[in-house]
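*Asks:* Input structure: work04.pdb, which contains PDB, C-alpha atoms and all ligand atoms.
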```pdb
ATOM      1  CA  MET A 274       0.000   0.000   0.000
ATOM      2  CA  ALA A 275       1.427   3.363  -1.017
ATOM      3  CA  ALA A 276       2.151   5.664   1.930
ATOM      4  CA  PRO A 277       2.726   9.243   0.710
ATOM      5  CA  HIS A 278       5.496  10.935   2.672
ATOM      6  CA  ALA A 279       7.468  14.148   2.358
ATOM      7  CA  TYR A 280      10.830  15.381   3.544
ATOM      8  CA  PHE A 281       9.891  18.551   5.404
ATOM      9  CA  GLN A 282      11.747  20.666   7.969
ATOM     10  CA  LYS A 283      14.612  18.154   8.007
ATOM     11  CA  GLN A 284      12.522  15.071   8.652
ATOM     12  CA  PHE A 285      10.359  12.500   6.923
ATOM     13  CA  VAL A 286       6.676  13.067   7.665
ATOM     14  CA  PRO A 287       3.377  11.803   6.228
ATOM     15  CA  LEU A 288       2.569  14.048   3.264
ATOM     16  CA  ALA A 289      -0.591  15.346   4.971
ATOM     17  CA  GLU A 290       1.563  16.767   7.790
ATOM     18  CA  ALA A 291       3.883  18.777   5.505
ATOM     19  CA  ARG A 292       2.242  22.197   5.809
ATOM     20  CA  ILE A 293       3.654  25.724   5.443
ATOM     21  CA  GLY A 294       2.290  28.849   7.128
ATOM     22  CA  VAL A 295       0.381  31.432   5.088
ATOM     23  CA  MET A 296       3.078  34.064   5.737
ATOM     24  CA  THR A 297       5.864  31.927   4.264
ATOM     25  CA  HIS A 298       7.958  34.208   2.063
ATOM     26  CA  ALA A 299       8.035  31.776  -0.870
ATOM     27  CA  PHE A 300       4.245  31.541  -0.898
ATOM     28  CA  ASN A 301       3.857  35.325  -0.879
ATOM     29  CA  TYR A 302       6.570  36.228  -3.401
ATOM     30  CA  GLY A 303       7.406  33.081  -5.394
ATOM     31  CA  THR A 304      10.893  33.041  -3.867
ATOM     32  CA  ALA A 305      11.614  29.374  -4.298
ATOM     33  CA  VAL A 306      13.374  27.131  -6.781
ATOM     34  CA  PHE A 307      12.413  23.604  -7.649
ATOM     35  CA  GLU A 308      13.167  20.493  -9.625
ATOM     36  CA  GLY A 309      11.040  17.856 -11.282
ATOM     37  CA  ILE A 310      12.568  14.394 -11.292
ATOM     38  CA  ARG A 311      10.909  11.348 -12.757
ATOM     39  CA  GLY A 312      10.940   7.997 -11.046
ATOM     40  CA  ASN A 313      10.232   5.432 -13.742
ATOM     41  CA  TRP A 314       8.560   2.172 -12.792
ATOM     42  CA  ASN A 315      10.081  -1.016 -14.184
ATOM     43  CA  GLU A 316       7.363  -3.641 -13.840
ATOM     44  CA  ASP A 317       9.626  -6.649 -14.522
ATOM     45  CA  GLU A 318      12.089  -5.689 -11.821
ATOM     46  CA  GLY A 319       9.595  -4.198  -9.343
ATOM     47  CA  GLN A 320      11.852  -1.167  -9.352
ATOM     48  CA  ILE A 321      11.631   2.619  -9.601
ATOM     49  CA  TYR A 322      14.583   4.289 -11.325
ATOM     50  CA  LEU A 323      15.175   7.997 -10.734
ATOM     51  CA  PHE A 324      16.438   9.546 -13.942
ATOM     52  CA  ARG A 325      19.634  11.607 -13.788
ATOM     53  CA  LEU A 326      19.262  12.416 -10.111
ATOM     54  CA  PRO A 327      22.683  14.105  -9.624
ATOM     55  CA  GLU A 328      22.087  16.369 -12.637
ATOM     56  CA  HIS A 329      18.784  17.543 -11.162
ATOM     57  CA  PHE A 330      20.415  18.417  -7.854
ATOM     58  CA  GLN A 331      23.254  20.187  -9.662
ATOM     59  CA  ARG A 332      20.673  22.350 -11.378
ATOM     60  CA  LEU A 333      18.873  22.941  -8.070
ATOM     61  CA  ARG A 334      22.175  24.180  -6.636
ATOM     62  CA  ARG A 335      22.628  26.566  -9.568
ATOM     63  CA  SER A 336      19.084  27.853  -9.126
ATOM     64  CA  CYS A 337      19.797  28.351  -5.406
ATOM     65  CA  ARG A 338      22.928  30.318  -6.206
ATOM     66  CA  ILE A 339      20.964  32.720  -8.394
ATOM     67  CA  LEU A 340      18.366  33.245  -5.656
ATOM     68  CA  LYS A 341      21.041  33.526  -2.926
ATOM     69  CA  MET A 342      19.829  30.423  -1.151
ATOM     70  CA  VAL A 343      21.751  28.064   1.048
ATOM     71  CA  LEU A 344      21.320  24.348   0.431
ATOM     72  CA  PRO A 345      23.205  22.766   3.331
ATOM     73  CA  TYR A 346      23.239  19.205   2.008
ATOM     74  CA  SER A 347      25.945  17.308   0.141
ATOM     75  CA  ASP A 348      25.123  15.644  -3.188
ATOM     76  CA  ALA A 349      25.203  12.262  -1.424
ATOM     77  CA  GLU A 350      22.797  13.476   1.269
ATOM     78  CA  LEU A 351      20.327  14.827  -1.293
ATOM     79  CA  ALA A 352      20.408  11.553  -3.203
ATOM     80  CA  ASP A 353      20.041   9.516  -0.028
ATOM     81  CA  ILE A 354      17.052  11.549   1.207
ATOM     82  CA  THR A 355      15.336  11.223  -2.157
ATOM     83  CA  VAL A 356      15.897   7.481  -2.496
ATOM     84  CA  ARG A 357      14.699   6.886   1.064
ATOM     85  CA  LEU A 358      11.632   9.047   0.494
ATOM     86  CA  VAL A 359      10.626   7.202  -2.684
ATOM     87  CA  GLY A 360      11.222   3.904  -0.862
ATOM     88  CA  MET A 361       8.958   5.037   1.984
ATOM     89  CA  CYS A 362       6.152   6.037  -0.390
ATOM     90  CA  ASP A 363       6.283   2.607  -2.030
ATOM     91  CA  TYR A 364       4.465   3.470  -5.258
ATOM     92  CA  GLN A 365       4.371   0.837  -7.989
ATOM     93  CA  GLU A 366       3.943   3.198 -10.908
ATOM     94  CA  ASP A 367       5.728   6.170 -12.464
ATOM     95  CA  VAL A 368       6.279   8.968  -9.963
ATOM     96  CA  TYR A 369       7.410  12.558  -9.946
ATOM     97  CA  VAL A 370       9.757  13.843  -7.254
ATOM     98  CA  ARG A 371       9.460  17.526  -6.474
ATOM     99  CA  PRO A 372      12.284  19.083  -4.412
ATOM    100  CA  ILE A 373      11.679  22.747  -3.556
ATOM    101  CA  ALA A 374      14.260  24.997  -1.898
ATOM    102  CA  TYR A 375      12.334  27.952  -0.549
ATOM    103  CA  LYS A 376      12.534  31.132   1.468
ATOM    104  CA  SER A 377      10.891  29.813   4.589
ATOM    105  CA  SER A 378      10.839  32.897   6.859
ATOM    106  CA  GLU A 379       7.320  33.979   7.777
ATOM    107  CA  VAL A 380       7.893  37.660   7.228
ATOM    108  CA  LEU A 381       6.704  40.418   4.914
ATOM    109  CA  GLY A 382       9.073  42.311   2.625
ATOM    110  CA  VAL A 383      10.088  41.506  -0.921
ATOM    111  CA  ARG A 384      13.820  40.698  -1.105
ATOM    112  CA  LEU A 385      16.229  37.786  -1.167
ATOM    113  CA  HIS A 386      18.530  38.705   1.721
ATOM    114  CA  GLY A 387      18.120  38.190   5.432
ATOM    115  CA  LEU A 388      15.736  35.256   5.105
ATOM    116  CA  GLU A 389      15.908  31.612   6.081
ATOM    117  CA  ASP A 390      15.892  28.843   3.518
ATOM    118  CA  ASP A 391      14.531  25.349   3.760
ATOM    119  CA  LEU A 392      14.186  22.277   1.554
ATOM    120  CA  LEU A 393      11.125  20.159   1.045
ATOM    121  CA  ILE A 394      10.679  17.122  -1.169
ATOM    122  CA  TYR A 395       7.540  15.225  -2.020
ATOM    123  CA  VAL A 396       6.671  12.375  -4.361
ATOM    124  CA  THR A 397       3.492  11.913  -6.340
ATOM    125  CA  PRO A 398       2.284   9.417  -8.965
ATOM    126  CA  PHE A 399       2.691  10.888 -12.421
ATOM    127  CA  GLY A 400       1.766   9.354 -15.756
ATOM    128  CA  PRO A 401       2.197  10.742 -19.278
ATOM    129  CA  TYR A 402       2.005  14.538 -19.624
ATOM    130  CA  LEU A 403       1.581  14.975 -23.389
ATOM    131  CA  ASP A 404       0.614  12.316 -25.926
ATOM    132  CA  ILE A 405       3.963  10.724 -26.720
ATOM    133  CA  GLU A 406       2.493   8.442 -29.416
ATOM    134  CA  LYS A 407       0.263  10.771 -31.340
ATOM    135  CA  GLY A 408       2.234  13.920 -30.636
ATOM    136  CA  ALA A 409       1.278  17.448 -29.657
ATOM    137  CA  ARG A 410      -0.509  20.184 -31.555
ATOM    138  CA  CYS A 411       1.180  23.427 -30.592
ATOM    139  CA  GLY A 412       0.456  27.104 -30.955
ATOM    140  CA  THR A 413       2.830  30.042 -30.801
ATOM    141  CA  SER A 414       1.980  31.938 -27.640
ATOM    142  CA  SER A 415       1.171  35.618 -27.461
ATOM    143  CA  TRP A 416       3.115  35.543 -24.175
ATOM    144  CA  ARG A 417       6.864  36.056 -24.600
ATOM    145  CA  ARG A 418       9.376  34.017 -22.588
ATOM    146  CA  VAL A 419      10.806  35.795 -19.545
ATOM    147  CA  GLU A 420      14.169  37.349 -20.315
ATOM    148  CA  ASP A 421      17.376  36.712 -18.390
ATOM    149  CA  THR A 422      17.269  40.433 -17.619
ATOM    150  CA  GLY A 423      13.855  39.959 -15.924
ATOM    151  CA  ILE A 424      13.777  36.606 -14.186
ATOM    152  CA  PRO A 425      16.506  34.216 -15.339
ATOM    153  CA  ALA A 426      14.907  31.170 -16.980
ATOM    154  CA  ARG A 427      18.032  29.082 -16.345
ATOM    155  CA  ALA A 428      16.988  29.106 -12.690
ATOM    156  CA  LYS A 429      13.907  26.992 -12.108
ATOM    157  CA  VAL A 430      12.234  29.687 -10.021
ATOM    158  CA  ASN A 431       8.702  28.890  -8.852
ATOM    159  CA  GLY A 432       7.491  32.408  -9.632
ATOM    160  CA  ILE A 433       8.614  32.092 -13.275
ATOM    161  CA  TYR A 434       5.986  29.467 -13.817
ATOM    162  CA  VAL A 435       3.315  32.147 -14.002
ATOM    163  CA  ASN A 436       4.867  32.887 -17.416
ATOM    164  CA  SER A 437       4.473  29.213 -18.355
ATOM    165  CA  ALA A 438       0.949  29.005 -16.898
ATOM    166  CA  LEU A 439      -0.232  32.014 -18.921
ATOM    167  CA  ALA A 440       1.094  30.422 -22.100
ATOM    168  CA  LYS A 441      -0.188  26.916 -21.337
ATOM    169  CA  THR A 442      -3.741  28.031 -20.557
ATOM    170  CA  GLU A 443      -3.856  30.307 -23.572
ATOM    171  CA  ALA A 444      -2.791  27.333 -25.731
ATOM    172  CA  PHE A 445      -5.361  25.059 -24.096
ATOM    173  CA  GLU A 446      -8.167  27.595 -24.553
ATOM    174  CA  ASN A 447      -7.174  27.987 -28.202
ATOM    175  CA  GLY A 448      -7.498  24.237 -28.708
ATOM    176  CA  TYR A 449      -3.790  23.327 -28.697
ATOM    177  CA  ASP A 450      -1.993  20.800 -26.518
ATOM    178  CA  GLU A 451       1.004  22.991 -25.757
ATOM    179  CA  ALA A 452       2.376  26.503 -26.187
ATOM    180  CA  ILE A 453       5.595  27.540 -27.878
ATOM    181  CA  MET A 454       6.973  30.775 -26.485
ATOM    182  CA  LEU A 455       9.108  33.232 -28.413
ATOM    183  CA  ASN A 456      11.767  35.478 -26.915
ATOM    184  CA  GLU A 457      11.384  39.247 -26.968
ATOM    185  CA  ASP A 458      13.531  39.217 -30.143
ATOM    186  CA  GLY A 459      10.990  36.948 -31.846
ATOM    187  CA  HIS A 460      13.046  33.751 -31.921
ATOM    188  CA  VAL A 461      11.765  30.450 -30.580
ATOM    189  CA  SER A 462      12.526  29.871 -26.909
ATOM    190  CA  GLU A 463      10.694  26.834 -25.519
ATOM    191  CA  GLY A 464       7.399  25.276 -24.518
ATOM    192  CA  SER A 465       5.659  25.999 -21.213
ATOM    193  CA  GLY A 466       7.587  23.110 -19.660
ATOM    194  CA  GLU A 467       9.704  21.701 -22.460
ATOM    195  CA  ASN A 468      12.690  22.467 -24.652
ATOM    196  CA  ILE A 469      12.156  22.295 -28.377
ATOM    197  CA  PHE A 470      14.075  20.739 -31.275
ATOM    198  CA  ILE A 471      13.572  20.689 -35.013
ATOM    199  CA  VAL A 472      15.028  18.198 -37.468
ATOM    200  CA  GLU A 473      16.334  19.633 -40.707
ATOM    201  CA  ASN A 474      18.287  17.659 -43.316
ATOM    202  CA  GLY A 475      19.077  14.913 -40.808
ATOM    203  CA  ARG A 476      20.459  17.288 -38.159
ATOM    204  CA  LEU A 477      18.922  18.491 -34.913
ATOM    205  CA  ILE A 478      18.591  22.202 -34.209
ATOM    206  CA  THR A 479      17.656  23.638 -30.823
ATOM    207  CA  PRO A 480      17.805  27.149 -29.336
ATOM    208  CA  PRO A 481      21.030  27.870 -27.403
ATOM    209  CA  VAL A 482      21.099  28.120 -23.602
ATOM    210  CA  SER A 483      21.233  31.912 -23.978
ATOM    211  CA  SER A 484      17.699  31.900 -25.481
ATOM    212  CA  ASN A 485      15.993  32.171 -22.087
ATOM    213  CA  VAL A 486      15.420  28.444 -21.889
ATOM    214  CA  LEU A 487      15.617  26.224 -18.890
ATOM    215  CA  VAL A 488      18.759  24.216 -19.559
ATOM    216  CA  GLY A 489      16.914  20.932 -19.780
ATOM    217  CA  ILE A 490      18.304  17.629 -18.605
ATOM    218  CA  THR A 491      16.222  15.801 -21.211
ATOM    219  CA  ARG A 492      17.556  18.274 -23.799
ATOM    220  CA  GLN A 493      21.112  17.286 -22.869
ATOM    221  CA  THR A 494      20.138  13.606 -22.825
ATOM    222  CA  VAL A 495      18.738  13.821 -26.356
ATOM    223  CA  ILE A 496      21.797  15.708 -27.643
ATOM    224  CA  THR A 497      24.025  12.967 -26.183
ATOM    225  CA  LEU A 498      21.930  10.085 -27.526
ATOM    226  CA  ALA A 499      21.630  11.652 -30.969
ATOM    227  CA  ARG A 500      25.416  12.076 -31.164
ATOM    228  CA  ASP A 501      26.573   8.834 -29.547
ATOM    229  CA  GLU A 502      23.878   6.402 -30.647
ATOM    230  CA  LEU A 503      22.615   7.789 -33.947
ATOM    231  CA  GLY A 504      25.629   9.802 -35.158
ATOM    232  CA  ILE A 505      23.422  12.897 -35.474
ATOM    233  CA  GLU A 506      24.798  16.295 -34.546
ATOM    234  CA  THR A 507      22.835  19.040 -32.806
ATOM    235  CA  ILE A 508      23.274  22.654 -33.765
ATOM    236  CA  GLU A 509      22.442  25.196 -31.078
ATOM    237  CA  ARG A 510      21.302  28.369 -32.797
ATOM    238  CA  ASP A 511      18.379  30.787 -32.936
ATOM    239  CA  ILE A 512      15.264  29.355 -34.595
ATOM    240  CA  ASP A 513      12.729  31.509 -36.426
ATOM    241  CA  ARG A 514       9.045  30.842 -35.794
ATOM    242  CA  THR A 515       8.491  29.915 -39.450
ATOM    243  CA  GLU A 516      11.301  27.360 -39.356
ATOM    244  CA  LEU A 517       8.930  25.324 -37.195
ATOM    245  CA  TYR A 518       6.417  25.329 -40.055
ATOM    246  CA  VAL A 519       8.869  23.980 -42.622
ATOM    247  CA  ALA A 520      10.912  21.607 -40.438
ATOM    248  CA  ASP A 521      11.149  17.936 -41.392
ATOM    249  CA  GLU A 522      10.333  17.002 -37.788
ATOM    250  CA  CYS A 523       9.849  18.764 -34.499
ATOM    251  CA  PHE A 524       9.759  17.465 -30.942
ATOM    252  CA  MET A 525       9.753  18.678 -27.375
ATOM    253  CA  THR A 526      11.811  17.362 -24.474
ATOM    254  CA  GLY A 527      11.240  17.536 -20.748
ATOM    255  CA  THR A 528      11.061  15.468 -17.611
ATOM    256  CA  ALA A 529       7.253  15.576 -17.743
ATOM    257  CA  ALA A 530       6.896  15.471 -21.539
ATOM    258  CA  HIS A 531       9.737  12.954 -22.155
ATOM    259  CA  VAL A 532      10.326  13.183 -25.923
ATOM    260  CA  THR A 533       7.016  14.295 -27.456
ATOM    261  CA  PRO A 534       6.581  14.686 -31.216
ATOM    262  CA  VAL A 535       5.177  18.043 -32.318
ATOM    263  CA  ILE A 536       2.863  17.222 -35.208
ATOM    264  CA  GLU A 537       1.344  20.624 -35.823
ATOM    265  CA  VAL A 538       2.346  24.250 -35.202
ATOM    266  CA  ASP A 539      -0.138  27.116 -35.632
ATOM    267  CA  HIS A 540      -2.498  24.818 -37.623
ATOM    268  CA  ARG A 541       0.257  23.770 -40.041
ATOM    269  CA  PRO A 542       1.338  20.111 -40.100
ATOM    270  CA  VAL A 543       5.007  19.558 -39.307
ATOM    271  CA  GLY A 544       6.483  17.253 -41.968
ATOM    272  CA  ASP A 545       3.724  14.807 -42.839
ATOM    273  CA  GLY A 546       1.852  15.616 -39.632
ATOM    274  CA  LYS A 547       2.967  12.425 -37.885
ATOM    275  CA  ARG A 548       5.801  11.436 -35.577
ATOM    276  CA  GLY A 549       9.036  11.641 -37.596
ATOM    277  CA  ALA A 550      11.574   8.826 -37.990
ATOM    278  CA  ILE A 551      14.391  10.479 -36.004
ATOM    279  CA  THR A 552      11.965  11.462 -33.238
ATOM    280  CA  ALA A 553      10.799   7.828 -33.076
ATOM    281  CA  GLU A 554      14.373   6.520 -32.854
ATOM    282  CA  LEU A 555      15.214   8.936 -30.064
ATOM    283  CA  GLN A 556      12.036   8.008 -28.197
ATOM    284  CA  HIS A 557      12.840   4.323 -28.480
ATOM    285  CA  LEU A 558      16.342   4.775 -27.046
ATOM    286  CA  TYR A 559      15.192   7.167 -24.351
ATOM    287  CA  PHE A 560      12.286   5.048 -23.039
ATOM    288  CA  ASP A 561      14.469   1.971 -22.652
ATOM    289  CA  ILE A 562      17.123   3.938 -20.813
ATOM    290  CA  LEU A 563      14.600   5.577 -18.446
ATOM    291  CA  ARG A 564      13.402   2.284 -17.067
ATOM    292  CA  GLY A 565      16.908   0.971 -16.550
ATOM    293  CA  LYS A 566      16.782  -1.362 -19.564
ATOM    294  CA  ASN A 567      19.987  -0.218 -21.259
ATOM    295  CA  ALA A 568      23.109  -1.259 -19.334
ATOM    296  CA  LYS A 569      25.272   1.332 -21.115
ATOM    297  CA  TYR A 570      23.283   4.126 -19.477
ATOM    298  CA  ALA A 571      22.639   2.438 -16.121
ATOM    299  CA  HIS A 572      24.634   5.260 -14.498
ATOM    300  CA  TRP A 573      21.763   7.643 -15.386
ATOM    301  CA  CYS A 574      19.305   5.578 -13.346
ATOM    302  CA  THR A 575      19.188   5.461  -9.550
ATOM    303  CA  PRO A 576      17.213   2.496  -8.151
ATOM    304  CA  CYS A 577      15.013   3.179  -5.112
ATOM    305  CA  TYR A 578      13.884  -0.280  -4.047
ATOM    306  CA  LEU A 579      15.861  -3.358  -3.135
ATOM    307  CA  PRO A 580      15.248  -5.876  -5.924
ATOM    308  CA  ALA A 581      12.026  -7.687  -4.976
ATOM    309  CA  ARG A 582      13.355 -11.100  -5.959
ATOM    310  CA  GLN A 583      16.389 -10.801  -3.708
ATOM    311  CA  ALA A 584      14.730  -9.160  -0.742
ATOM    312  CA  GLY A 585      11.509 -11.175  -0.792
ATOM    313  CA  SER A 586       9.621  -7.912  -0.549
ATOM    314  CA  LYS A 587      10.306  -4.353  -1.617
ATOM    315  CA  ALA A 588      12.240  -2.216   0.784
ATOM    316  CA  ARG A 589      14.360   0.890   0.845
ATOM    317  CA  ALA A 590      17.554   0.583  -1.158
TER
HETATM  318  C1  LIG A 601      10.262  25.797 -18.796
HETATM  319  C2  LIG A 601      10.882  24.443 -18.941
HETATM  320  N1  LIG A 601      11.684  24.220 -19.983
HETATM  321  C3  LIG A 601      12.258  23.017 -20.173
HETATM  322  C4  LIG A 601      12.038  21.973 -19.292
HETATM  323  C5  LIG A 601      12.714  20.667 -19.535
HETATM  324  O1  LIG A 601      13.724  20.459 -18.600
HETATM  325  P1  LIG A 601      14.100  18.991 -18.124
HETATM  326  O2  LIG A 601      14.375  18.207 -19.335
HETATM  327  O3  LIG A 601      15.287  19.161 -17.270
HETATM  328  O4  LIG A 601      12.924  18.483 -17.369
HETATM  329  C6  LIG A 601      11.196  22.178 -18.199
HETATM  330  C7  LIG A 601      10.930  21.091 -17.246
HETATM  331  O5  LIG A 601      11.557  20.934 -16.259
HETATM  332  C8  LIG A 601      10.612  23.442 -18.008
HETATM  333  O6  LIG A 601       9.814  23.670 -16.968
END
```
I need this file expressed as structure tokens, please.
Ligand SMILES: Cc1ncc(COP(=O)(O)O)c(C=O)c1O

*Replies:*
Amino acid sequence: MAAPHAYFQKQFVPLAEARIGVMTHAFNYGTAVFEGIRGNWNEDEGQIYLFRLPEHFQRLRRSCRILKMVLPYSDAELADITVRLVGMCDYQEDVYVRPIAYKSSEVLGVRLHGLEDDLLIYVTPFGPYLDIEKGARCGTSSWRRVEDTGIPARAKVNGIYVNSALAKTEAFENGYDEAIMLNEDGHVSEGSGENIFIVENGRLITPPVSSNVLVGITRQTVITLARDELGIETIERDIDRTELYVADECFMTGTAAHVTPVIEVDHRPVGDGKRGAITAELQHLYFDILRGKNAKYAHWCTPCYLPARQAGSKARA
């Protein structure tokens, strides 16, 4: 039986007991940074594998640095807490781990300095986000991506997600599955929660990290797999909106979205309006790796449960 727990105020507690006060600074001003980490259920092994756990905590540290936050845990401690927490929750399905480092002082006054920081982590079941088989129909948003000179998108700041929420809901209300945001200069930035790639003449193209994108871990994963497994190079350069219309293929990457084909942009089919061949190959590689089924990339997967067959029953790793 699943038992939802959280790591809150330096201890493991039942999820229902992890509660913040209404005056918490992060709640009032969005002064928090977070991560989204997938735990992928492997049915055959009775195992949950956390995907690229150290990379997520590295990014959390970078986000903390930008928001002048202290994260007084070593990499090993963060990994240990997360693995123990997932073990405690005991889900037997795909999960999402949400660490949040936040300004925890219960005090008024918008600023970053002179405040206490805390870390909380919770785990929740989480299935597919976009349709990875059929693909997503996307619309260019009227909302522009936040600029590094406003709120830096490379930091996964909670408050930034108002920008994403505006774009996502606008897309939904206009009948699309997902939004594509442009930068203030009119070039393509990213989706509301995904990086974006196009395929052109057998090469991948994606906006550079200076395009106000979150520097995605799935983005990096796909660049690596394309290069090392398929011999396909990725060019990081500005992308015009209309390049999306004429691309051979287009796809989005993200922890939630995995690798999702984009089959339509602004009511124009991308390629033949179906998942492209390179997108399909990348998906195939990626989904095997996620669930710990590719020994070459086992180092990207952190198991959370003791193997059921050895232990007799599941337990914390
Ligand atoms: C705005 C945004 N861009 C891109 C991504 C993809 O990043 P990652 O692949 O690390 O999940 C996310 C999701 O975390 C996101 O929220």

*Asks:* Identify, counting all atoms listed in the file, the protein, DNA and RNA residues located within 8 Å of ligand LIG 601 (chain A), and give them as a list in words.

*Replies:*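 Using all atoms listed in the file, everything at most 8 Å from ligand LIG 601 (chain A) comes to Glu308, Gly309, Ile310, His329, Ala426, Lys429, Tyr434, Ser437, Glu463, Gly464, Ser465, Gly466, Glu467, Asn468, Val486, Leu487, Val488, Gly489, Ile490, Thr491, Arg492, Gln493, Thr526, Gly527, Thr528, Ala529, Ala530 and His531 of chain A.
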
*Asks:* Kindly save the residues from that selection, with C-alpha atoms included, as a PDB file, in the frame of the given file.

*Replies:*
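Resulting contents of selection-v4.pdb:
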```pdb
ATOM      1  CA  GLU A 308      13.167  20.493  -9.625  1.00  0.00           C
ATOM      2  CA  GLY A 309      11.040  17.856 -11.282  1.00  0.00           C
ATOM      3  CA  ILE A 310      12.568  14.394 -11.292  1.00  0.00           C
ATOM      4  CA  HIS A 329      18.784  17.543 -11.162  1.00  0.00           C
ATOM      5  CA  ALA A 426      14.907  31.170 -16.980  1.00  0.00           C
ATOM      6  CA  LYS A 429      13.907  26.992 -12.108  1.00  0.00           C
ATOM      7  CA  TYR A 434       5.986  29.467 -13.817  1.00  0.00           C
ATOM      8  CA  SER A 437       4.473  29.213 -18.355  1.00  0.00           C
ATOM      9  CA  GLU A 463      10.694  26.834 -25.519  1.00  0.00           C
ATOM     10  CA  GLY A 464       7.399  25.276 -24.518  1.00  0.00           C
ATOM     11  CA  SER A 465       5.659  25.999 -21.213  1.00  0.00           C
ATOM     12  CA  GLY A 466       7.587  23.110 -19.660  1.00  0.00           C
ATOM     13  CA  GLU A 467       9.704  21.701 -22.460  1.00  0.00           C
ATOM     14  CA  ASN A 468      12.690  22.467 -24.652  1.00  0.00           C
ATOM     15  CA  VAL A 486      15.420  28.444 -21.889  1.00  0.00           C
ATOM     16  CA  LEU A 487      15.617  26.224 -18.890  1.00  0.00           C
ATOM     17  CA  VAL A 488      18.759  24.216 -19.559  1.00  0.00           C
ATOM     18  CA  GLY A 489      16.914  20.932 -19.780  1.00  0.00           C
ATOM     19  CA  ILE A 490      18.304  17.629 -18.605  1.00  0.00           C
ATOM     20  CA  THR A 491      16.222  15.801 -21.211  1.00  0.00           C
ATOM     21  CA  ARG A 492      17.556  18.274 -23.799  1.00  0.00           C
ATOM     22  CA  GLN A 493      21.112  17.286 -22.869  1.00  0.00           C
ATOM     23  CA  THR A 526      11.811  17.362 -24.474  1.00  0.00           C
ATOM     24  CA  GLY A 527      11.240  17.536 -20.748  1.00  0.00           C
ATOM     25  CA  THR A 528      11.061  15.468 -17.611  1.00  0.00           C
ATOM     26  CA  ALA A 529       7.253  15.576 -17.743  1.00  0.00           C
ATOM     27  CA  ALA A 530       6.896  15.471 -21.539  1.00  0.00           C
ATOM     28  CA  HIS A 531       9.737  12.954 -22.155  1.00  0.00           C
TER      29      HIS A 531
END
```

*Asks:* Using only C-alpha atoms, which residue out of A:Lys341, A:Arg371, A:Lys566, A:Arg334 lies closest to Tyr322 in chain A?

*Replies:* A:Lys566

*Asks:* Given the file shown, determine the residues that the PyMOL selection byres (((chain A and resi 381) around 9) and not hetatm) selects; report them as an mmCIF file with C-alpha atoms, in the frame of the given file.

*Replies:*
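out_10.cif, freshly written:
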```cif
data_model
loop_
_atom_site.group_PDB
_atom_site.id
_atom_site.type_symbol
_atom_site.label_atom_id
_atom_site.label_comp_id
_atom_site.auth_asym_id
_atom_site.auth_seq_id
_atom_site.Cartn_x
_atom_site.Cartn_y
_atom_site.Cartn_z
ATOM 1 C CA MET A 296 3.078 34.064 5.737
ATOM 2 C CA THR A 297 5.864 31.927 4.264
ATOM 3 C CA HIS A 298 7.958 34.208 2.063
ATOM 4 C CA ASN A 301 3.857 35.325 -0.879
ATOM 5 C CA SER A 378 10.839 32.897 6.859
ATOM 6 C CA GLU A 379 7.320 33.979 7.777
ATOM 7 C CA VAL A 380 7.893 37.660 7.228
ATOM 8 C CA GLY A 382 9.073 42.311 2.625
ATOM 9 C CA VAL A 383 10.088 41.506 -0.921
#
```

*Asks:* Can you pull out the residues contacting range 498-512 of chain A? Cut-off 9 Å, using all atoms listed in the file, and skip same-chain residues under 6 positions away; I want them as a PyMOL selection string.

*Replies:* chain A and resi 460-462+471+475-482+484+551+554-555+558-559

*Asks:* Expanded to explicit residues, what is the PyMOL selection byres (((chain A and resi 577) around 8) and not hetatm) for this file, as a list of chain:residue names?

*Replies:*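 Output from the PyMOL selection byres (((chain A and resi 577) around 8) and not hetatm), applied to this file: A:Gln320, A:Ile321, A:Tyr322, A:Leu323, A:Val356, A:Arg357, A:Val359, A:Gly360, A:Thr575, A:Pro576, A:Tyr578, A:Leu579, A:Arg589, A:Ala590.
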
*Asks:* For those residues, write C-alpha atoms to a file as an mmCIF file, keeping the file's coordinate frame.

*Replies:*
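Result file follows (again_28.cif):
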```
data_model
loop_
_atom_site.group_PDB
_atom_site.id
_atom_site.type_symbol
_atom_site.label_atom_id
_atom_site.label_comp_id
_atom_site.auth_asym_id
_atom_site.auth_seq_id
_atom_site.Cartn_x
_atom_site.Cartn_y
_atom_site.Cartn_z
ATOM 1 C CA GLN A 320 11.852 -1.167 -9.352
ATOM 2 C CA ILE A 321 11.631 2.619 -9.601
ATOM 3 C CA TYR A 322 14.583 4.289 -11.325
ATOM 4 C CA LEU A 323 15.175 7.997 -10.734
ATOM 5 C CA VAL A 356 15.897 7.481 -2.496
ATOM 6 C CA ARG A 357 14.699 6.886 1.064
ATOM 7 C CA VAL A 359 10.626 7.202 -2.684
ATOM 8 C CA GLY A 360 11.222 3.904 -0.862
ATOM 9 C CA THR A 575 19.188 5.461 -9.550
ATOM 10 C CA PRO A 576 17.213 2.496 -8.151
ATOM 11 C CA TYR A 578 13.884 -0.280 -4.047
ATOM 12 C CA LEU A 579 15.861 -3.358 -3.135
ATOM 13 C CA ARG A 589 14.360 0.890 0.845
ATOM 14 C CA ALA A 590 17.554 0.583 -1.158
#
```

*Asks:* Hey, which bits of range 479-569 of chain A sit within 10 Å of range 439-456 of chain A, and for each residue what's the closest pair of atoms and how far apart in Å (one decimal), counting only C-alpha atoms, rows by chain and increasing number, as a Markdown table?

*Replies:*
```
| residue | atom | partner | partner_atom | distance |
| --- | --- | --- | --- | --- |
| A:Ser484 | CA | A:Asn456 | CA | 7.1 |
| A:Asn485 | CA | A:Asn456 | CA | 7.2 |
| A:Val486 | CA | A:Asn456 | CA | 9.4 |
| A:Ile512 | CA | A:Leu455 | CA | 9.5 |
| A:Asp513 | CA | A:Leu455 | CA | 9.0 |
| A:Arg514 | CA | A:Leu455 | CA | 7.8 |
| A:Met525 | CA | A:Ile453 | CA | 9.8 |
| A:Val535 | CA | A:Glu451 | CA | 9.2 |
| A:Glu537 | CA | A:Tyr449 | CA | 9.2 |
| A:Val538 | CA | A:Ile453 | CA | 8.7 |
| A:Asp539 | CA | A:Tyr449 | CA | 8.7 |
| A:His540 | CA | A:Tyr449 | CA | 9.1 |
```
